[in-house]
>>> print(open('input33.txt').read())   # compact mmCIF, N, CA and C atoms
# COMPACT_ATOMS: atom_id res chain seq x y z
N MET A 1 94.37 23.94 141.11
CA MET A 1 95.25 22.84 141.50
C MET A 1 96.25 22.51 140.37
N TYR A 2 95.73 22.14 139.20
CA TYR A 2 96.59 21.87 138.05
C TYR A 2 96.41 23.00 137.04
N THR A 3 97.49 23.36 136.35
CA THR A 3 97.38 24.40 135.34
C THR A 3 96.70 23.84 134.10
N GLN A 4 96.17 24.73 133.29
CA GLN A 4 95.50 24.30 132.05
C GLN A 4 96.49 23.59 131.13
N LYS A 5 97.73 24.09 131.08
CA LYS A 5 98.75 23.45 130.23
C LYS A 5 98.99 22.01 130.66
N MET A 6 99.09 21.77 131.96
CA MET A 6 99.31 20.42 132.46
C MET A 6 98.12 19.53 132.11
N LEU A 7 96.92 20.03 132.30
CA LEU A 7 95.72 19.24 131.99
C LEU A 7 95.63 18.95 130.49
N ASP A 8 96.00 19.91 129.66
CA ASP A 8 95.98 19.69 128.22
C ASP A 8 96.94 18.57 127.82
N ILE A 9 98.14 18.59 128.37
CA ILE A 9 99.12 17.54 128.06
C ILE A 9 98.63 16.20 128.61
N PHE A 10 98.09 16.20 129.81
CA PHE A 10 97.57 14.96 130.41
C PHE A 10 96.46 14.35 129.54
N LYS A 11 95.58 15.19 129.04
CA LYS A 11 94.45 14.70 128.25
C LYS A 11 94.87 14.24 126.86
N ASN A 12 95.98 14.75 126.36
CA ASN A 12 96.45 14.41 125.02
C ASN A 12 97.96 14.17 125.05
N PRO A 13 98.38 13.13 125.78
CA PRO A 13 99.83 12.90 125.90
C PRO A 13 100.45 12.50 124.56
N GLN A 14 101.66 12.96 124.36
CA GLN A 14 102.42 12.63 123.15
C GLN A 14 103.43 11.53 123.48
N ASN A 15 103.69 10.67 122.52
CA ASN A 15 104.76 9.66 122.62
C ASN A 15 104.49 8.58 123.67
N ALA A 16 103.23 8.28 123.92
CA ALA A 16 102.91 7.21 124.87
C ALA A 16 103.11 5.85 124.20
N GLY A 17 103.60 4.90 124.97
CA GLY A 17 103.78 3.53 124.49
C GLY A 17 105.24 3.13 124.46
N GLY A 18 105.47 1.88 124.14
CA GLY A 18 106.83 1.35 124.08
C GLY A 18 107.51 1.75 122.78
N LEU A 19 108.74 1.26 122.61
CA LEU A 19 109.54 1.62 121.43
C LEU A 19 110.40 0.43 121.03
N GLN A 20 110.09 -0.14 119.87
CA GLN A 20 110.90 -1.24 119.35
C GLN A 20 112.31 -0.76 119.10
N GLY A 21 113.29 -1.56 119.47
CA GLY A 21 114.68 -1.23 119.21
C GLY A 21 115.23 -0.10 120.06
N ALA A 22 114.62 0.12 121.21
CA ALA A 22 115.11 1.18 122.10
C ALA A 22 116.54 0.91 122.54
N THR A 23 117.32 1.94 122.60
CA THR A 23 118.68 1.85 123.10
C THR A 23 118.67 1.66 124.61
N ALA A 24 117.70 2.30 125.26
CA ALA A 24 117.63 2.25 126.72
C ALA A 24 116.17 2.26 127.18
N VAL A 25 115.94 1.54 128.27
CA VAL A 25 114.62 1.53 128.91
C VAL A 25 114.85 1.70 130.40
N SER A 26 114.19 2.68 130.97
CA SER A 26 114.30 2.89 132.42
C SER A 26 112.96 2.56 133.06
N ARG A 27 113.03 2.25 134.35
CA ARG A 27 111.81 2.00 135.13
C ARG A 27 112.05 2.58 136.51
N TYR A 28 111.19 3.50 136.90
CA TYR A 28 111.36 4.16 138.18
C TYR A 28 110.01 4.18 138.89
N VAL A 29 110.03 3.86 140.18
CA VAL A 29 108.80 3.88 140.98
C VAL A 29 108.88 5.03 141.97
N ASP A 30 107.89 5.91 141.90
CA ASP A 30 107.79 7.01 142.85
C ASP A 30 107.37 6.44 144.20
N GLU A 31 108.22 6.59 145.19
CA GLU A 31 107.98 6.00 146.51
C GLU A 31 106.75 6.59 147.21
N THR A 32 106.47 7.86 146.98
CA THR A 32 105.37 8.52 147.68
C THR A 32 104.02 8.14 147.12
N TYR A 33 103.87 8.21 145.81
CA TYR A 33 102.56 8.00 145.19
C TYR A 33 102.43 6.66 144.47
N GLY A 34 103.52 5.95 144.30
CA GLY A 34 103.48 4.65 143.65
C GLY A 34 103.41 4.71 142.13
N ASP A 35 103.61 5.90 141.55
CA ASP A 35 103.62 6.01 140.09
C ASP A 35 104.79 5.19 139.53
N VAL A 36 104.54 4.54 138.41
CA VAL A 36 105.60 3.78 137.73
C VAL A 36 105.88 4.50 136.41
N ILE A 37 107.12 4.90 136.23
CA ILE A 37 107.51 5.72 135.09
C ILE A 37 108.58 4.98 134.29
N LYS A 38 108.28 4.73 133.01
CA LYS A 38 109.23 4.08 132.13
C LYS A 38 109.49 4.97 130.93
N PHE A 39 110.77 5.12 130.61
CA PHE A 39 111.15 5.83 129.40
C PHE A 39 111.87 4.87 128.46
N TYR A 40 111.61 5.05 127.19
CA TYR A 40 112.26 4.31 126.12
C TYR A 40 112.97 5.35 125.26
N LEU A 41 114.28 5.22 125.17
CA LEU A 41 115.06 6.15 124.35
C LEU A 41 115.75 5.39 123.23
N LYS A 42 115.66 5.94 122.03
CA LYS A 42 116.42 5.42 120.90
C LYS A 42 117.42 6.50 120.56
N ALA A 43 118.68 6.20 120.80
CA ALA A 43 119.74 7.18 120.58
C ALA A 43 120.70 6.70 119.51
N ASN A 44 121.19 7.63 118.73
CA ASN A 44 122.25 7.36 117.79
C ASN A 44 123.54 7.47 118.60
N LEU A 45 124.19 6.36 118.84
CA LEU A 45 125.36 6.36 119.70
C LEU A 45 126.62 6.87 119.00
N GLU A 46 126.54 7.08 117.70
CA GLU A 46 127.64 7.72 116.99
C GLU A 46 127.62 9.22 117.22
N THR A 47 126.42 9.80 117.20
CA THR A 47 126.28 11.25 117.36
C THR A 47 125.82 11.66 118.76
N ASP A 48 125.44 10.66 119.57
CA ASP A 48 124.92 10.90 120.93
C ASP A 48 123.64 11.73 120.93
N VAL A 49 122.81 11.55 119.92
CA VAL A 49 121.55 12.29 119.83
C VAL A 49 120.38 11.33 120.07
N ILE A 50 119.44 11.77 120.89
CA ILE A 50 118.23 11.00 121.13
C ILE A 50 117.30 11.21 119.94
N GLU A 51 117.08 10.15 119.19
CA GLU A 51 116.26 10.26 117.98
C GLU A 51 114.78 10.09 118.27
N GLN A 52 114.46 9.25 119.25
CA GLN A 52 113.07 9.02 119.63
C GLN A 52 112.99 8.81 121.13
N ALA A 53 111.88 9.24 121.70
CA ALA A 53 111.63 9.03 123.13
C ALA A 53 110.16 8.72 123.29
N ARG A 54 109.88 7.71 124.09
CA ARG A 54 108.50 7.31 124.39
C ARG A 54 108.42 6.99 125.87
N PHE A 55 107.19 6.87 126.37
CA PHE A 55 107.00 6.58 127.78
C PHE A 55 105.80 5.68 128.01
N LYS A 56 105.85 4.97 129.12
CA LYS A 56 104.72 4.25 129.67
C LYS A 56 104.69 4.62 131.14
N THR A 57 103.67 5.32 131.55
CA THR A 57 103.57 5.75 132.94
C THR A 57 102.22 5.35 133.49
N MET A 58 102.26 4.69 134.63
CA MET A 58 101.04 4.41 135.39
C MET A 58 101.05 5.36 136.57
N GLY A 59 100.17 6.34 136.52
CA GLY A 59 100.15 7.32 137.58
C GLY A 59 99.11 8.38 137.33
N GLY A 60 99.23 9.46 138.06
CA GLY A 60 98.26 10.53 138.01
C GLY A 60 98.60 11.59 136.98
N VAL A 61 97.89 12.70 137.10
CA VAL A 61 98.00 13.80 136.15
C VAL A 61 99.44 14.28 136.01
N VAL A 62 100.10 14.55 137.12
CA VAL A 62 101.46 15.10 137.07
C VAL A 62 102.42 14.11 136.42
N ALA A 63 102.34 12.85 136.80
CA ALA A 63 103.27 11.84 136.27
C ALA A 63 103.11 11.67 134.76
N ILE A 64 101.89 11.59 134.30
CA ILE A 64 101.65 11.38 132.87
C ILE A 64 102.01 12.63 132.07
N ALA A 65 101.56 13.79 132.54
CA ALA A 65 101.87 15.03 131.81
C ALA A 65 103.38 15.28 131.78
N ALA A 66 104.06 15.07 132.88
CA ALA A 66 105.51 15.30 132.93
C ALA A 66 106.25 14.29 132.05
N SER A 67 105.82 13.05 132.04
CA SER A 67 106.46 12.04 131.19
C SER A 67 106.31 12.40 129.72
N SER A 68 105.12 12.81 129.34
CA SER A 68 104.89 13.22 127.96
C SER A 68 105.76 14.42 127.60
N LEU A 69 105.79 15.40 128.46
CA LEU A 69 106.59 16.60 128.21
C LEU A 69 108.07 16.26 128.07
N VAL A 70 108.57 15.39 128.92
CA VAL A 70 109.98 15.00 128.85
C VAL A 70 110.31 14.39 127.49
N THR A 71 109.43 13.53 126.98
CA THR A 71 109.73 12.92 125.68
C THR A 71 109.82 13.98 124.59
N GLU A 72 108.99 15.00 124.68
CA GLU A 72 109.04 16.07 123.68
C GLU A 72 110.32 16.90 123.84
N LEU A 73 110.72 17.14 125.07
CA LEU A 73 111.92 17.96 125.31
C LEU A 73 113.20 17.27 124.85
N VAL A 74 113.29 15.95 125.01
CA VAL A 74 114.56 15.27 124.73
C VAL A 74 114.71 14.79 123.29
N THR A 75 113.61 14.69 122.55
CA THR A 75 113.70 14.20 121.18
C THR A 75 114.56 15.16 120.35
N ASN A 76 115.53 14.58 119.64
CA ASN A 76 116.51 15.30 118.80
C ASN A 76 117.51 16.11 119.61
N LEU A 77 117.66 15.79 120.86
CA LEU A 77 118.59 16.49 121.74
C LEU A 77 119.82 15.61 121.99
N PRO A 78 121.02 16.20 122.03
CA PRO A 78 122.19 15.42 122.42
C PRO A 78 122.02 14.90 123.86
N LEU A 79 122.57 13.74 124.13
CA LEU A 79 122.46 13.15 125.47
C LEU A 79 122.93 14.12 126.54
N LYS A 80 124.05 14.81 126.29
CA LYS A 80 124.58 15.71 127.32
C LYS A 80 123.61 16.85 127.63
N ASP A 81 122.86 17.31 126.63
CA ASP A 81 121.86 18.36 126.86
C ASP A 81 120.63 17.78 127.56
N ALA A 82 120.25 16.57 127.19
CA ALA A 82 119.11 15.92 127.83
C ALA A 82 119.39 15.69 129.32
N GLU A 83 120.66 15.43 129.65
CA GLU A 83 121.04 15.23 131.05
C GLU A 83 120.78 16.48 131.89
N GLU A 84 120.78 17.63 131.27
CA GLU A 84 120.61 18.90 131.98
C GLU A 84 119.15 19.23 132.29
N ILE A 85 118.23 18.50 131.68
CA ILE A 85 116.81 18.76 131.93
C ILE A 85 116.50 18.42 133.39
N ASP A 86 115.76 19.32 134.02
CA ASP A 86 115.40 19.11 135.42
C ASP A 86 113.97 19.58 135.68
N GLU A 87 113.58 19.55 136.93
CA GLU A 87 112.23 19.92 137.33
C GLU A 87 111.91 21.36 136.90
N GLY A 88 112.90 22.22 136.92
CA GLY A 88 112.70 23.61 136.51
C GLY A 88 112.23 23.73 135.07
N ASN A 89 112.78 22.89 134.19
CA ASN A 89 112.35 22.92 132.79
C ASN A 89 110.88 22.53 132.66
N LEU A 90 110.45 21.58 133.48
CA LEU A 90 109.05 21.16 133.45
C LEU A 90 108.15 22.26 134.00
N LEU A 91 108.60 22.91 135.06
CA LEU A 91 107.82 23.99 135.65
C LEU A 91 107.70 25.18 134.71
N GLU A 92 108.72 25.41 133.88
CA GLU A 92 108.63 26.50 132.89
C GLU A 92 107.44 26.30 131.97
N VAL A 93 107.16 25.06 131.63
CA VAL A 93 106.04 24.76 130.74
C VAL A 93 104.72 24.70 131.51
N PHE A 94 104.74 24.01 132.64
CA PHE A 94 103.50 23.82 133.41
C PHE A 94 103.08 25.07 134.18
N GLY A 95 104.02 25.90 134.52
CA GLY A 95 103.72 27.07 135.34
C GLY A 95 103.85 26.76 136.82
N GLN A 96 103.22 25.71 137.25
CA GLN A 96 103.31 25.27 138.65
C GLN A 96 102.75 23.87 138.77
N VAL A 97 103.05 23.23 139.87
CA VAL A 97 102.41 21.97 140.24
C VAL A 97 102.06 22.09 141.73
N PRO A 98 101.07 21.34 142.16
CA PRO A 98 100.80 21.36 143.60
C PRO A 98 102.06 20.97 144.36
N GLN A 99 102.36 21.69 145.42
CA GLN A 99 103.61 21.47 146.16
C GLN A 99 103.79 20.02 146.57
N GLU A 100 102.71 19.38 146.99
CA GLU A 100 102.81 17.98 147.43
C GLU A 100 103.11 17.03 146.28
N LYS A 101 102.98 17.49 145.04
CA LYS A 101 103.24 16.64 143.87
C LYS A 101 104.60 16.92 143.22
N PHE A 102 105.36 17.85 143.79
CA PHE A 102 106.67 18.17 143.21
C PHE A 102 107.57 16.93 143.15
N CYS A 103 107.44 16.05 144.14
CA CYS A 103 108.27 14.85 144.15
C CYS A 103 108.02 13.97 142.93
N VAL A 104 106.83 14.07 142.34
CA VAL A 104 106.53 13.30 141.13
C VAL A 104 107.39 13.82 139.97
N LEU A 105 107.56 15.13 139.88
CA LEU A 105 108.46 15.67 138.86
C LEU A 105 109.87 15.12 139.03
N SER A 106 110.31 15.05 140.27
CA SER A 106 111.65 14.51 140.56
C SER A 106 111.75 13.05 140.14
N SER A 107 110.69 12.29 140.33
CA SER A 107 110.69 10.88 139.92
C SER A 107 110.76 10.74 138.41
N VAL A 108 110.04 11.60 137.70
CA VAL A 108 110.09 11.57 136.23
C VAL A 108 111.50 11.89 135.76
N ILE A 109 112.11 12.89 136.34
CA ILE A 109 113.49 13.26 135.98
C ILE A 109 114.45 12.12 136.32
N ALA A 110 114.26 11.48 137.46
CA ALA A 110 115.13 10.36 137.84
C ALA A 110 115.03 9.23 136.82
N SER A 111 113.84 8.95 136.34
CA SER A 111 113.68 7.91 135.34
C SER A 111 114.37 8.29 134.04
N LEU A 112 114.25 9.55 133.65
CA LEU A 112 114.95 10.03 132.47
C LEU A 112 116.45 9.84 132.62
N LYS A 113 116.99 10.22 133.77
CA LYS A 113 118.45 10.12 134.00
C LYS A 113 118.91 8.67 133.92
N GLU A 114 118.07 7.74 134.42
CA GLU A 114 118.41 6.32 134.33
C GLU A 114 118.53 5.89 132.86
N ALA A 115 117.58 6.33 132.05
CA ALA A 115 117.61 5.95 130.64
C ALA A 115 118.83 6.54 129.93
N ILE A 116 119.15 7.78 130.24
CA ILE A 116 120.33 8.42 129.64
C ILE A 116 121.60 7.67 130.06
N ALA A 117 121.69 7.32 131.33
CA ALA A 117 122.86 6.57 131.82
C ALA A 117 122.98 5.24 131.08
N GLU A 118 121.86 4.60 130.81
CA GLU A 118 121.89 3.33 130.08
C GLU A 118 122.38 3.54 128.65
N CYS A 119 122.03 4.67 128.04
CA CYS A 119 122.55 4.98 126.70
C CYS A 119 124.07 5.07 126.72
N TYR A 120 124.61 5.75 127.71
CA TYR A 120 126.06 5.87 127.84
C TYR A 120 126.71 4.49 128.07
N GLU A 121 126.06 3.65 128.87
CA GLU A 121 126.58 2.30 129.10
C GLU A 121 126.62 1.51 127.79
N LYS A 122 125.56 1.62 127.00
CA LYS A 122 125.52 0.92 125.71
C LYS A 122 126.63 1.42 124.79
N LYS A 123 126.87 2.72 124.83
CA LYS A 123 127.94 3.29 124.00
C LYS A 123 129.29 2.71 124.40
N GLU A 124 129.54 2.62 125.69
CA GLU A 124 130.79 2.04 126.18
C GLU A 124 130.91 0.57 125.78
N GLU A 125 129.81 -0.16 125.88
CA GLU A 125 129.81 -1.58 125.48
C GLU A 125 130.16 -1.71 124.00
N GLU A 126 129.61 -0.82 123.18
CA GLU A 126 129.91 -0.86 121.75
C GLU A 126 131.38 -0.56 121.48
N LYS A 127 131.95 0.38 122.23
CA LYS A 127 133.38 0.70 122.08
C LYS A 127 134.23 -0.52 122.39
N VAL A 128 133.90 -1.20 123.48
CA VAL A 128 134.64 -2.39 123.88
C VAL A 128 134.54 -3.46 122.80
N GLU A 129 133.36 -3.66 122.25
CA GLU A 129 133.18 -4.66 121.19
C GLU A 129 134.00 -4.31 119.95
N LYS A 130 134.06 -3.04 119.59
CA LYS A 130 134.84 -2.62 118.43
C LYS A 130 136.32 -2.88 118.67
N ILE A 131 136.78 -2.61 119.87
CA ILE A 131 138.20 -2.84 120.22
C ILE A 131 138.51 -4.34 120.13
N LYS A 132 137.61 -5.15 120.67
CA LYS A 132 137.81 -6.61 120.63
C LYS A 132 137.87 -7.11 119.19
N LYS A 133 136.97 -6.61 118.35
CA LYS A 133 136.96 -7.03 116.95
C LYS A 133 138.22 -6.58 116.22
N ALA A 134 138.69 -5.39 116.54
CA ALA A 134 139.89 -4.85 115.90
C ALA A 134 141.13 -5.67 116.26
N LYS A 135 141.15 -6.26 117.46
CA LYS A 135 142.29 -7.05 117.91
C LYS A 135 142.32 -8.43 117.31
N LYS A 136 141.21 -8.90 116.77
CA LYS A 136 141.15 -10.26 116.19
C LYS A 136 141.77 -10.34 114.85
>>> encode(input="input33.txt", output="structure tokens")
Amino acid sequence: MYTQKMLDIFKNPQNAGGLQGATAVSRYVDETYGDVIKFYLKANLETDVIEQARFKTMGGVVAIAASSLVTELVTNLPLKDAEEIDEGNLLEVFGQVPQEKFCVLSSVIASLKEAIAECYEKKEEEKVEKIKKAKK
């Protein structure tokens, strides 16, 4: 049912917990299974690099393992590269997931995309603030 790699990550997840000073926090609820997936990203908005990523996920094996894996994949990655991560990248590591649980991978990716979008929003807000200060 689950691959050994997925079970290993589930049993020893990396980067679990919140993150003080996060640039972005996403919250996504998987409609099918009710998993709640939150990502915390700390990004350097000057360089657009994700410096830290953490997660809090209430869910099953796939949700927790995928959330942990995502944090490892995006750490030290430019936002634009992190945006390209998809279910295929997770499957490359896991090998497979039960077909009925594939939607959980999609939910984890959706939560990641929300957090990345929030990073871009914060960057735009900072630009606006700099412009306002420069005009004073």
>>> select_by_dssp(input="input33.txt", residues="chain A", states="strand (DSSP E)", output="list in words")
Ala24, Val25, Ser26, Arg27, Tyr28, Val29, Val36, Ile37, Lys38, Phe39, Tyr40, Leu41, Lys42, Ala43, Asn44, Val49, Ile50, Glu51, Gln52, Ala53, Arg54, Phe55, Lys56, Thr57 and Met58 of chain A
>>> closest_residue(input="input33.txt", among="A:Val104, A:Glu124, A:Lys130, A:Lys11", to="Thr32 of chain A", atoms="all atoms listed in the file")
A:Val104
>>> closest_residue(input="input33.txt", among="A:Ser106, A:Thr23, A:Gln96, A:Lys132", to="Val70 of chain A", atoms="only C-alpha atoms")
A:Ser106
>>> closest_residue(input="input33.txt", among="A:Val74, A:Leu112, A:Leu90, A:Ala24", to="Lys42 of chain A", atoms="only C-alpha atoms")
A:Ala24
>>> closest_residue(input="input33.txt", among="A:Gln14, A:Asn89, A:Asn76, A:Gln4", to="Val49 of chain A", atoms="only N, CA and C atoms")
A:Asn76
>>> closest_atom_pairs(input="input33.txt", of="segment 10-71 of chain A", to="segment 113-116 of chain A", cutoff="7 Å", atoms="all atoms listed in the file", output="Markdown table")
| residue | atom | partner | partner_atom | distance |
| --- | --- | --- | --- | --- |
| A:Ala24 | C | A:Ala115 | CA | 5.3 |
| A:Val25 | C | A:Ala115 | CA | 5.1 |
| A:Ser26 | N | A:Ala115 | CA | 4.7 |
| A:Arg27 | N | A:Ala115 | N | 6.5 |
| A:Phe39 | C | A:Ala115 | CA | 6.2 |
| A:Tyr40 | N | A:Ala115 | CA | 7.0 |
| A:Leu41 | N | A:Ala115 | CA | 6.4 |
>>> atom_distance(input="input33.txt", atom1="atom CA of Glu84 of chain A", atom2="atom CA of Ile109 of chain A")
9.9 Å
>>> residues_around(input="input33.txt", residues="Phe10 of chain A", least_positions_apart="4", cutoff="6 Å", atoms="only N, CA and C atoms", output="list of chain:residue names")
A:Lys5, A:Met6, A:Val61, A:Ile64, A:Ala65
>>> atom_distance(input="input33.txt", atom1="atom CA of Pro98 of chain A", atom2="atom N of Ala53 of chain A")
27.4 Å
>>> atom_distance(input="input33.txt", atom1="atom CA of Arg54 of chain A", atom2="atom CA of Tyr33 of chain A")
21.6 Å
>>> closest_residue(input="input33.txt", among="A:Glu125, A:Pro13, A:Asp81, A:Ala43", to="Ala66 of chain A", atoms="only C-alpha atoms")
A:Pro13
>>> select_by_dssp(input="input33.txt", residues="chain A", states="helix (DSSP H, G or I)", output="JSON, numbers by chain")
{"A": [4, 5, 6, 7, 8, 9, 10, 11, 61, 62, 63, 64, 65, 66, 67, 68, 69, 70, 71, 72, 73, 74, 79, 80, 81, 82, 87, 88, 89, 90, 91, 92, 93, 94, 99, 100, 101, 102, 103, 104, 105, 106, 107, 108, 109, 110, 111, 112, 113, 114, 115, 116, 117, 118, 119, 120, 121, 122, 123, 124, 125, 126, 127, 128, 129, 130, 131, 132, 133, 134, 135]}
>>> closest_residue(input="input33.txt", among="A:Asp8, A:Val62, A:Glu46, A:Tyr28", to="Val97 of chain A", atoms="only N, CA and C atoms")
A:Val62
